[in-house]
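Next comes start11.cif, a file with mmCIF, C-alpha atoms and all ligand atoms.
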data_query
#
loop_
_atom_site.label_atom_id
_atom_site.label_comp_id
_atom_site.auth_asym_id
_atom_site.auth_seq_id
_atom_site.Cartn_x
_atom_site.Cartn_y
_atom_site.Cartn_z
CA MET N 702 67.03 19.62 32.68
CA ASN N 703 65.09 18.55 29.54
CA ILE N 704 64.85 21.66 27.42
CA LEU N 705 62.96 22.37 24.20
CA VAL N 706 64.64 25.07 22.13
CA THR N 707 62.65 26.37 19.19
CA GLY N 708 64.48 27.87 16.22
CA GLY N 709 67.64 26.05 17.23
CA ALA N 710 68.97 25.84 13.67
CA GLY N 711 69.03 29.62 13.41
CA PHE N 712 71.72 32.02 14.50
CA ILE N 713 71.13 32.63 18.22
CA GLY N 714 69.28 29.31 18.62
CA SER N 715 72.17 27.19 17.34
CA HIS N 716 74.70 28.85 19.64
CA LEU N 717 72.28 28.42 22.51
CA VAL N 718 71.62 24.73 21.83
CA ARG N 719 75.36 24.05 21.69
CA ARG N 720 75.93 25.86 24.96
CA LEU N 721 73.08 24.09 26.77
CA VAL N 722 74.25 20.64 25.64
CA THR N 723 78.03 20.91 25.84
CA ARG N 724 78.48 23.32 28.76
CA GLY N 725 75.23 23.02 30.67
CA GLY N 726 74.93 19.24 30.31
CA HIS N 727 71.21 19.55 29.49
CA SER N 728 69.20 17.31 27.20
CA VAL N 729 67.96 19.46 24.36
CA VAL N 730 65.28 18.94 21.74
CA ASN N 731 65.71 21.42 18.91
CA VAL N 732 62.57 22.06 16.88
CA ASP N 733 63.07 24.23 13.81
CA ALA N 734 60.91 24.84 10.73
CA LEU N 735 64.05 25.29 8.59
CA LYS N 736 62.71 28.37 6.85
CA TYR N 737 65.10 30.52 4.83
CA SER N 738 67.54 31.29 7.66
CA GLY N 739 67.43 27.95 9.50
CA ASN N 740 70.46 25.85 8.60
CA LEU N 741 71.31 22.39 9.92
CA LEU N 742 74.99 23.07 9.21
CA ASN N 743 74.81 25.38 12.25
CA VAL N 744 74.29 22.38 14.55
CA LYS N 745 76.10 19.68 12.58
CA ASP N 746 78.68 19.15 15.33
CA LEU N 747 75.89 18.06 17.73
CA GLU N 748 74.35 15.48 15.40
CA HIS N 749 75.78 12.45 17.20
CA ASP N 750 75.47 13.74 20.76
CA SER N 751 73.06 11.55 22.73
CA ARG N 752 71.82 14.58 24.71
CA TYR N 753 70.69 16.32 21.52
CA ARG N 754 67.76 15.66 19.22
CA PHE N 755 66.62 17.61 16.15
CA VAL N 756 62.99 17.67 15.02
CA HIS N 757 61.89 19.40 11.81
CA GLY N 758 58.71 21.27 12.65
CA ASP N 759 56.90 24.54 13.23
CA ILE N 760 55.86 26.18 16.51
CA CYS N 761 52.48 26.76 14.84
CA ASP N 762 51.95 22.97 14.72
CA ARG N 763 50.01 22.47 17.96
CA GLN N 764 49.95 18.66 17.79
CA LEU N 765 53.65 18.38 17.20
CA ILE N 766 54.48 20.74 20.07
CA GLU N 767 52.13 18.89 22.38
CA SER N 768 53.72 15.52 21.61
CA LEU N 769 57.28 16.83 21.84
CA ILE N 770 56.64 18.25 25.32
CA ARG N 771 55.03 15.02 26.45
CA ASP N 772 57.37 12.50 24.82
CA HIS N 773 60.58 14.22 25.90
CA LYS N 774 59.35 15.17 29.38
CA ILE N 775 60.19 18.78 28.67
CA GLU N 776 60.80 20.91 31.78
CA GLY N 777 61.95 24.15 30.18
CA ILE N 778 61.22 25.90 26.87
CA ILE N 779 63.24 28.64 25.23
CA ASN N 780 61.46 30.25 22.28
CA CYS N 781 64.02 31.45 19.75
CA ALA N 782 61.82 30.70 16.74
CA ALA N 783 60.98 33.97 15.02
CA GLU N 784 60.98 36.02 11.89
CA THR N 785 63.73 38.47 12.80
CA HIS N 786 64.68 40.83 10.01
CA VAL N 787 63.27 44.36 10.09
CA ASP N 788 63.73 44.97 6.35
CA ARG N 789 61.83 41.79 5.49
CA SER N 790 59.04 42.83 7.85
CA ILE N 791 58.67 46.00 5.80
CA LEU N 792 58.42 43.99 2.56
CA ASP N 793 56.15 41.23 3.93
CA PRO N 794 54.68 41.94 7.39
CA GLY N 795 52.06 39.17 7.56
CA VAL N 796 54.39 36.28 8.26
CA PHE N 797 55.85 38.17 11.25
CA ALA N 798 52.51 38.24 13.02
CA SER N 799 51.96 34.54 12.21
CA THR N 800 55.20 33.27 13.67
CA ASP N 801 56.11 35.85 16.30
CA VAL N 802 52.62 36.31 17.77
CA VAL N 803 50.41 33.34 16.79
CA GLY N 804 53.23 30.76 16.88
CA THR N 805 54.39 32.03 20.26
CA GLY N 806 50.81 31.77 21.52
CA ILE N 807 50.50 28.14 20.41
CA LEU N 808 53.81 27.13 22.00
CA LEU N 809 52.92 28.97 25.20
CA GLU N 810 49.50 27.40 25.55
CA GLU N 811 50.84 23.88 25.00
CA ALA N 812 53.57 24.58 27.56
CA ARG N 813 51.00 25.73 30.12
CA ARG N 814 48.70 22.76 29.55
CA ALA N 815 51.60 20.37 30.02
CA GLY N 816 52.79 22.11 33.19
CA VAL N 817 56.25 23.03 31.85
CA LYS N 818 58.34 24.48 34.70
CA ARG N 819 59.98 27.42 32.94
CA PHE N 820 59.23 29.26 29.70
CA LEU N 821 61.64 31.83 28.35
CA GLN N 822 60.70 34.13 25.48
CA VAL N 823 63.68 35.54 23.59
CA SER N 824 62.63 39.06 22.68
CA THR N 825 64.38 42.23 21.57
CA ASP N 826 65.34 45.71 22.73
CA GLU N 827 63.45 46.98 19.66
CA VAL N 828 60.16 46.71 21.56
CA TYR N 829 61.06 50.01 23.29
CA GLY N 830 61.18 51.79 19.94
CA SER N 831 63.77 54.43 19.13
CA VAL N 832 65.50 55.74 22.26
CA GLU N 833 66.98 59.15 21.53
CA GLU N 834 68.52 59.62 24.99
CA GLY N 835 69.27 57.52 28.07
CA SER N 836 68.62 53.79 28.34
CA SER N 837 65.39 51.79 28.55
CA THR N 838 64.57 49.97 31.75
CA GLU N 839 62.27 46.96 31.87
CA GLU N 840 59.42 49.11 33.20
CA ASP N 841 59.50 51.54 30.28
CA ARG N 842 56.56 51.80 27.94
CA LEU N 843 56.75 49.63 24.82
CA ALA N 844 56.66 51.64 21.59
CA PRO N 845 57.61 49.31 18.71
CA ARG N 846 57.73 51.01 15.31
CA SER N 847 58.29 48.29 12.69
CA PRO N 848 56.12 45.28 11.83
CA TYR N 849 58.96 43.15 13.21
CA SER N 850 59.24 44.87 16.59
CA ALA N 851 55.45 45.20 16.89
CA SER N 852 55.13 41.44 16.35
CA LYS N 853 57.82 40.72 18.92
CA ALA N 854 56.08 43.04 21.38
CA GLY N 855 52.78 41.24 20.75
CA GLY N 856 54.43 37.87 21.37
CA GLU N 857 56.06 38.89 24.61
CA LEU N 858 52.92 40.60 25.94
CA LEU N 859 51.06 37.36 25.39
CA VAL N 860 53.82 35.50 27.25
CA LEU N 861 53.71 37.94 30.18
CA SER N 862 49.93 37.70 30.35
CA TYR N 863 50.33 34.02 31.26
CA TRP N 864 52.09 35.00 34.46
CA THR N 865 49.43 37.52 35.41
CA THR N 866 46.53 35.27 34.48
CA TYR N 867 47.70 31.73 35.27
CA ARG N 868 50.87 32.21 37.32
CA PHE N 869 52.55 30.21 34.56
CA PRO N 870 56.32 30.76 35.12
CA VAL N 871 57.45 32.79 32.14
CA MET N 872 60.44 35.04 31.61
CA VAL N 873 61.36 37.44 28.83
CA THR N 874 64.81 38.58 27.69
CA ARG N 875 65.15 41.70 25.56
CA GLY N 876 68.45 41.37 23.73
CA SER N 877 70.32 44.05 21.84
CA ASN N 878 71.92 43.71 18.37
CA THR N 879 73.60 40.34 18.32
CA TYR N 880 76.49 39.38 16.07
CA GLY N 881 78.89 36.48 15.59
CA PRO N 882 79.51 33.35 13.52
CA ASN N 883 76.64 31.68 11.62
CA GLN N 884 74.50 34.81 11.30
CA TYR N 885 72.48 34.87 8.09
CA PRO N 886 74.04 37.47 5.79
CA GLU N 887 70.97 39.71 5.58
CA LYS N 888 71.93 41.41 8.86
CA PHE N 889 74.22 44.42 8.98
CA ILE N 890 77.50 42.89 10.18
CA PRO N 891 77.49 39.64 8.15
CA LEU N 892 76.16 41.43 5.06
CA PHE N 893 78.85 44.08 5.23
CA VAL N 894 81.65 41.60 6.04
CA THR N 895 80.75 39.21 3.22
CA ASN N 896 80.20 42.05 0.73
CA ALA N 897 83.57 43.51 1.67
CA ILE N 898 85.30 40.14 1.27
CA GLU N 899 83.85 40.08 -2.26
CA ASP N 900 84.73 43.76 -2.91
CA GLN N 901 81.05 44.60 -3.26
CA PRO N 902 79.59 47.92 -2.01
CA LEU N 903 78.32 48.17 1.58
CA PRO N 904 74.80 49.70 1.52
CA LEU N 905 74.70 52.02 4.56
CA TYR N 906 71.21 53.37 5.25
CA GLY N 907 70.64 57.13 5.53
CA ASP N 908 73.47 59.09 7.14
CA GLY N 909 74.91 55.99 8.86
CA ARG N 910 74.68 57.73 12.24
CA GLN N 911 72.09 55.38 13.75
CA ARG N 912 73.37 53.72 16.91
CA ARG N 913 73.11 50.12 18.02
CA ASP N 914 74.44 48.30 21.08
CA TRP N 915 76.40 45.26 19.88
CA LEU N 916 76.24 42.01 21.82
CA ALA N 917 78.36 38.94 21.02
CA VAL N 918 76.17 35.89 20.42
CA GLN N 919 78.11 33.88 23.01
CA ASP N 920 77.38 36.52 25.66
CA HIS N 921 73.72 36.66 24.61
CA CYS N 922 73.36 32.88 24.97
CA ALA N 923 75.04 32.92 28.38
CA ALA N 924 72.47 35.52 29.44
CA ILE N 925 69.54 33.45 28.17
CA GLU N 926 70.78 30.35 30.00
CA HIS N 927 71.35 32.40 33.15
CA VAL N 928 67.82 33.80 33.09
CA LEU N 929 66.33 30.36 32.44
CA MET N 930 68.12 29.03 35.51
CA TYR N 931 67.95 31.96 37.92
CA GLY N 932 65.41 34.45 36.55
CA GLU N 933 62.33 35.34 38.52
CA ALA N 934 59.02 34.09 37.13
CA GLY N 935 57.00 36.86 35.48
CA SER N 936 60.10 39.01 34.94
CA VAL N 937 61.68 40.77 32.00
CA TYR N 938 65.46 41.17 31.64
CA ASN N 939 67.27 43.53 29.30
CA VAL N 940 70.43 42.06 27.76
CA GLY N 941 72.87 44.51 26.20
CA GLY N 942 76.50 44.29 25.15
CA GLY N 943 77.57 47.73 26.40
CA ASN N 944 79.09 48.46 22.97
CA GLU N 945 77.14 51.35 21.52
CA ARG N 946 78.41 52.37 18.10
CA GLU N 947 77.27 54.37 15.08
CA ASN N 948 76.70 52.15 12.04
CA LEU N 949 79.26 54.14 10.05
CA VAL N 950 81.89 53.48 12.72
CA VAL N 951 81.12 49.74 12.71
CA ALA N 952 81.40 49.70 8.91
CA GLU N 953 84.78 51.42 9.12
CA GLU N 954 85.97 49.04 11.85
CA LEU N 955 85.09 45.93 9.91
CA LEU N 956 86.70 47.29 6.75
CA ALA N 957 89.86 47.93 8.79
CA CYS N 958 89.82 44.30 10.03
CA LEU N 959 89.72 43.18 6.39
CA SER N 960 92.21 45.81 5.14
CA LYS N 961 89.59 47.01 2.64
CA PRO N 962 89.05 50.66 1.58
CA LYS N 963 86.35 52.93 3.02
CA SER N 964 85.33 53.68 -0.55
CA LEU N 965 83.33 50.44 -0.46
CA ILE N 966 80.79 52.22 1.75
CA ARG N 967 77.75 53.38 -0.23
CA PHE N 968 75.22 55.73 1.42
CA VAL N 969 71.81 54.54 0.24
CA GLN N 970 68.16 55.37 0.75
CA ASP N 971 67.17 54.93 4.38
CA ARG N 972 65.00 52.18 5.89
CA PRO N 973 61.42 53.51 6.30
CA GLY N 974 60.74 54.30 9.98
CA HIS N 975 64.39 53.58 10.80
CA ASP N 976 64.89 53.63 14.58
CA ARG N 977 67.74 56.00 15.37
CA ARG N 978 69.04 54.38 18.51
CA TYR N 979 68.46 51.53 20.96
CA SER N 980 69.94 51.41 24.42
CA VAL N 981 69.05 49.18 27.33
CA ASP N 982 69.80 49.50 31.04
CA CYS N 983 71.17 46.10 32.12
CA GLY N 984 71.22 46.70 35.89
CA LYS N 985 68.58 44.05 36.53
CA ILE N 986 70.37 41.18 34.79
CA ASN N 987 73.71 42.35 36.19
CA ARG N 988 72.26 42.01 39.68
CA LEU N 989 71.10 38.50 38.74
CA GLY N 990 74.75 37.66 38.05
CA TRP N 991 75.30 38.06 34.30
CA LYS N 992 77.50 40.49 32.45
CA PRO N 993 78.98 40.44 28.94
CA GLU N 994 82.57 39.25 28.60
CA ILE N 995 83.48 39.80 24.97
CA SER N 996 84.71 43.26 23.93
CA PHE N 997 83.40 44.53 20.61
CA GLU N 998 86.93 44.73 19.19
CA ARG N 999 87.63 41.06 19.98
CA GLY N 1000 84.15 39.89 18.96
CA LEU N 1001 84.20 41.76 15.66
CA ARG N 1002 87.68 40.55 14.76
CA SER N 1003 86.82 36.91 15.43
CA THR N 1004 83.52 37.27 13.55
CA VAL N 1005 85.32 38.71 10.52
CA GLU N 1006 87.80 35.82 10.68
CA TRP N 1007 84.96 33.31 10.87
CA TYR N 1008 83.39 34.67 7.68
CA GLN N 1009 86.80 34.69 5.98
CA GLN N 1010 87.31 31.04 6.91
CA HIS N 1011 83.77 29.82 6.23
CA GLN N 1012 83.02 30.94 2.70
CA PRO N 1013 81.47 27.49 1.92
CA TRP N 1014 78.88 28.32 4.62
CA TRP N 1015 77.78 31.72 3.29
CA GLN N 1016 78.54 31.68 -0.42
CA PRO N 1017 75.76 29.19 -1.32
CA ILE N 1018 73.35 31.35 0.71
CA LYS N 1019 74.32 34.54 -1.08
CA SER N 1020 74.18 32.98 -4.52
CA GLY N 1021 70.92 31.12 -3.83
CA ALA N 1022 67.47 32.34 -2.75
CA PHE N 1023 69.02 35.32 -0.97
CA LYS N 1024 69.91 36.81 -4.35
CA GLN N 1025 66.31 37.64 -5.18
CA TYR N 1026 65.77 39.36 -1.82
CA TYR N 1027 69.04 41.28 -2.24
CA GLU N 1028 67.97 42.51 -5.66
CA GLU N 1029 64.62 43.71 -4.34
CA GLN N 1030 66.08 45.34 -1.28
CA TYR N 1031 69.25 46.89 -2.70
CA ARG N 1032 69.47 47.10 -6.50
CA ARG N 1033 67.83 50.50 -6.88
CA ARG N 1034 69.27 51.77 -3.63
CA LEU N 1035 72.82 50.93 -4.70
CA LYS N 1036 72.33 52.46 -8.15
CA GLU N 1037 71.20 55.74 -6.60
CA GLY N 1038 73.61 55.64 -3.63
CA ARG N 1039 76.74 57.72 -3.14
CA THR N 1040 80.21 56.91 -1.82
CA CYS N 1041 81.88 58.70 1.12
CA ALA N 1042 83.77 61.02 -1.21
CA SER N 1043 80.89 61.95 -3.56
O1 LIG D 1 68.17 45.23 18.50
C1 LIG D 1 67.95 43.85 18.38
C2 LIG D 1 67.56 43.56 16.96
O2 LIG D 1 68.70 43.76 16.17
C3 LIG D 1 66.99 42.16 16.75
O3 LIG D 1 65.82 42.03 17.48
C4 LIG D 1 66.69 41.95 15.27
O4 LIG D 1 66.24 40.64 15.04
C5 LIG D 1 67.95 42.21 14.47
O5 LIG D 1 67.65 42.10 13.10
C6 LIG D 1 68.54 43.57 14.78
O6 LIG D 1 67.72 44.63 14.22
P1 LIG D 1 68.37 45.86 13.44
O7 LIG D 1 67.39 46.38 12.50
O8 LIG D 1 69.02 46.81 14.37
O9 LIG D 1 69.56 45.04 12.70
P2 LIG D 1 70.15 45.10 11.23
O10 LIG D 1 71.34 44.19 11.21
O11 LIG D 1 69.12 44.89 10.18
O12 LIG D 1 70.64 46.61 11.12
C7 LIG D 1 71.54 47.17 12.04
C8 LIG D 1 71.70 48.62 11.68
O13 LIG D 1 72.37 48.72 10.42
C9 LIG D 1 70.40 49.37 11.53
O14 LIG D 1 70.54 50.70 11.98
C10 LIG D 1 70.15 49.37 10.03
C11 LIG D 1 71.55 49.42 9.46
N1 LIG D 1 71.71 48.72 8.16
C12 LIG D 1 71.28 47.43 8.06
C13 LIG D 1 71.36 46.78 6.87
C14 LIG D 1 70.87 45.34 6.74
C15 LIG D 1 72.28 49.39 7.08
O15 LIG D 1 72.73 50.55 7.20
N2 LIG D 1 72.38 48.72 5.89
C16 LIG D 1 71.92 47.45 5.74
O16 LIG D 1 72.04 46.90 4.61
#
Kindly transcribe the structure held in the file into C-alpha cells.
Ligand code: DAU
Amino acid sequence: MNILVTGGAGFIGSHLVRRLVTRGGHSVVNVDALKYSGNLLNVKDLEHDSRYRFVHGDICDRQLIESLIRDHKIEGIINCAAETHVDRSILDPGVFASTDVVGTGILLEEARRAGVKRFLQVSTDEVYGSVEEGSSTEEDRLAPRSPYSASKAGGELLVLSYWTTYRFPVMVTRGSNTYGPNQYPEKFIPLFVTNAIEDQPLPLYGDGRQRRDWLAVQDHCAAIEHVLMYGEAGSVYNVGGGNERENLVVAEELLACLSKPKSLIRFVQDRPGHDRRYSVDCGKINRLGWKPEISFERGLRSTVEWYQQHQPWWQPIKSGAFKQYYEEQYRRRLKEGRTCAS
C-alpha cells in the first residue's frame, strides 16, 4: 500500500513509519513540518530505504498535500501530525486549534477529493475528559477539558463527519499515554528519566495521585497499523496499554530503574484543570485482533536504558530551545515545591 504518514519525524510517527516500511513492506511518504519536536534523527535509519521518502512540509499546506497524494498515488493516510503537549496548550492554545483542527481539515478534504481509500486519524483518550471511575467506551460522550484535548476532539469530529456526510472511509484511534524511545523530553516519562540521569529534581504535579494508562509506543503503532488494515470505516477504536498507574508510582519505578533516590521527587504546583484519570475500554480493538504485548515493567526498563544510552539525542534538545520553555513552565514551581520528606 502507498501510505502518507504525517508527523512522521515525531515520536509516535517515527516508530509508525519504521514499522510500516520494515515490517509491513509498505511504501511510505513521511511529511513533517519539523516544528520543535520533529527530529529527522528519529528516522535516520530509513534514509536510504527505497520504500521511504521524506518531505518537509505542513499539513496546512493544501497545495503540497494535494500534489503528494497525486504524485505518490497515495492509498492510505495516517494523520499523526499534531501539537500534543497539554502544558504547552495551556501556555499557547492558538496553535493547537490551527494544527489539530484546521490542519486536519485540510488534509482530510484533500484526501477525500483525491479518493484516498483509507484515512486514519490518530487521536487520544483525553477526548473523554477526566474519568473518575470505570473505563470509557467509544460511544461515551466527549468531554475534553484542556485546549489540547478540545483541539483533538474537534479534529476527530471533523474526520468522523466525513463518514456521515460523504461515506469517506475514515477511522479514529484514541490512544492512551504513550512512552518509549525518541519521545521529546517535555512529556512525563522522558522528562523525569532525563532529569534523574542528570540528578535534577522531578517536578510532580499536585499530589502525584493522578492516574494514566501507559502504552508502549511499539504496541501503539501495531494498533494503528492494525486499524488501518482491518478497521471498519466510520469507526472509532480505543487503544490502551492496560497499565494504569499513579504518577507518583511511575516516578518511583523509574528512579528505581536508575538507582536514584526518591528525594529527587519535588511536589510542585498542579497543572490547571489537571485531569485526574483516563481509562479506556479496549474490547472493540481486542475483538478486531489487537492487544498490547509489552508489560509496563519491561517497557519502562528498556525506555530508561534507551535514554541512558542516547544522551547525544536528548542533551542538545534540553540545552537548546527547550530550556526557555522549561524555565517558564518549571522555574517558579520548582522553587516553591517540596520534597517527599518536607
Ligand atoms: O492520554 C494520551 C495523552 O497523553 C496524549 O494524547 C498526549 O499527547 C500526551 O501528552 C499525554 O498527555 P498527559 O497530559 O497525560 O501526558 P504528560 O506526559 O504531560 O503527563 C502525564 C502525567 O504526568 C499527567 O498526569 C501530568 C503529570 N506530569 C507531567 C509533567 C510533564 C507531572 O506530574 N509533571 C510533569 O512535569
*Go through the chains and note each residue within 6 Å of ligand LIG 1 (chain D), using only C-alpha atoms and all ligand atoms, then give the set as a list in words.*
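Counting only what the definition allows, namely only C-alpha atoms and all ligand atoms, the set is Thr785, His786, Val787, Thr825, Asp826, Glu827, Gly876, Ser877, Asn878, Glu887, Lys888, Phe889, Pro904, Leu905, Tyr906, Gln911 and Asn948 of chain N.
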I want to know what sits within 10 Å of Ile890 of chain N, based on only C-alpha atoms, with residues of the same chain fewer than 6 positions away left out; could you give that as a PDB file with C-alpha atoms, in the frame of the given file?
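Contents of result-v1.pdb, as written:
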ATOM      1  CA  ASN N 878      71.920  43.710  18.370  1.00  0.00           C
ATOM      2  CA  THR N 879      73.600  40.340  18.320  1.00  0.00           C
ATOM      3  CA  TYR N 880      76.490  39.380  16.070  1.00  0.00           C
ATOM      4  CA  GLY N 881      78.890  36.480  15.590  1.00  0.00           C
ATOM      5  CA  GLN N 884      74.500  34.810  11.300  1.00  0.00           C
ATOM      6  CA  ASN N 896      80.200  42.050   0.730  1.00  0.00           C
ATOM      7  CA  ASN N 948      76.700  52.150  12.040  1.00  0.00           C
ATOM      8  CA  VAL N 951      81.120  49.740  12.710  1.00  0.00           C
ATOM      9  CA  ALA N 952      81.400  49.700   8.910  1.00  0.00           C
ATOM     10  CA  LEU N 955      85.090  45.930   9.910  1.00  0.00           C
ATOM     11  CA  LEU N1001      84.200  41.760  15.660  1.00  0.00           C
ATOM     12  CA  THR N1004      83.520  37.270  13.550  1.00  0.00           C
ATOM     13  CA  VAL N1005      85.320  38.710  10.520  1.00  0.00           C
TER      14      VAL N1005
END
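The space separating atom CA of Glu933 of chain N from atom CA of Met872 of chain N comes to 7.2 Å.
Using all atoms listed in the file, the smallest distance between any of N:Tyr938, N:Tyr979, N:Tyr885, N:Trp1014 and Lys736 of chain N comes from N:Tyr885.
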*Considering all atoms listed in the file, return as a PyMOL selection string whatever protein or nucleic-acid residues lie within 12 Å of Pro973 of chain N, sequence-local ones (same chain, fewer than 6 positions apart) excluded.*
chain N and resi 787-792+846-848+906-907
Those same residues, written as a CSV table (one decimal), in the frame of the given file with C-alpha atoms?
chain,number,residue,atom,x,y,z
N,787,VAL,CA,63.3,44.4,10.1
N,788,ASP,CA,63.7,45.0,6.4
N,789,ARG,CA,61.8,41.8,5.5
N,790,SER,CA,59.0,42.8,7.8
N,791,ILE,CA,58.7,46.0,5.8
N,792,LEU,CA,58.4,44.0,2.6
N,846,ARG,CA,57.7,51.0,15.3
N,847,SER,CA,58.3,48.3,12.7
N,848,PRO,CA,56.1,45.3,11.8
N,906,TYR,CA,71.2,53.4,5.2
N,907,GLY,CA,70.6,57.1,5.5
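Here atom CA of Pro870 of chain N is placed at a distance of 29.6 Å from atom CA of Val832 of chain N.
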*Could you work out how far atom CA of Ala934 of chain N lies from atom CA of Arg875 of chain N, giving the answer in Å with one decimal?*
15.1 Å
*12 Å contact set for Ile704 of chain N, all atoms listed in the file, chain neighbours under 3 positions out, as a PyMOL selection string*: chain N and resi 707+709+717-718+721-722+725-732+752-754+769-771+773-780+812+817-821+926+929-930
As JSON, please: the centre and edge lengths in Å, to one decimal, of an axis-aligned box enclosing every listed atom of segment 855-865 of chain N with 8 Å added on each side.
{"center_x": 52.7, "center_y": 37.6, "center_z": 28.1, "size_x": 22.6, "size_y": 23.2, "size_z": 30.7}
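Using only C-alpha atoms, the nearest neighbour of Ser831 of chain N within the list N:Val860, N:Val937, N:Val981, N:Ile995 is N:Val981.
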_Selection: 9 Å around Cys1041 of chain N, all atoms listed in the file, excl. self and same-chain fewer than 6 positions, as a PyMOL selection string_ = chain N and resi 963-968
*Write out as a count of residues only the residues lying within 10 Å of Glu811 of chain N, counting all atoms listed in the file and excluding same-chain residues fewer than 3 positions away.*
15
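Comparing the minimum interatomic distances between Ile1018 of chain N and each of N:Glu998, N:Leu742, N:Arg720, N:Arg910, counting only C-alpha atoms, we find that N:Leu742 sits nearest.
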_Let me make sure I understand: among N:Glu784, N:Asp908, N:Asp750, N:Asp793, which one has the smallest atom-to-atom distance to Ser850 of chain N if we use only C-alpha atoms?_
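That would be N:Glu784, the residue with the smallest distance to Ser850 of chain N.
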*Can you work out which one of N:Thr874, N:Ser836, N:Glu857, N:Pro1013 has the shortest atom-to-atom distance to Gly943 of chain N, counting only C-alpha atoms?*
N:Ser836
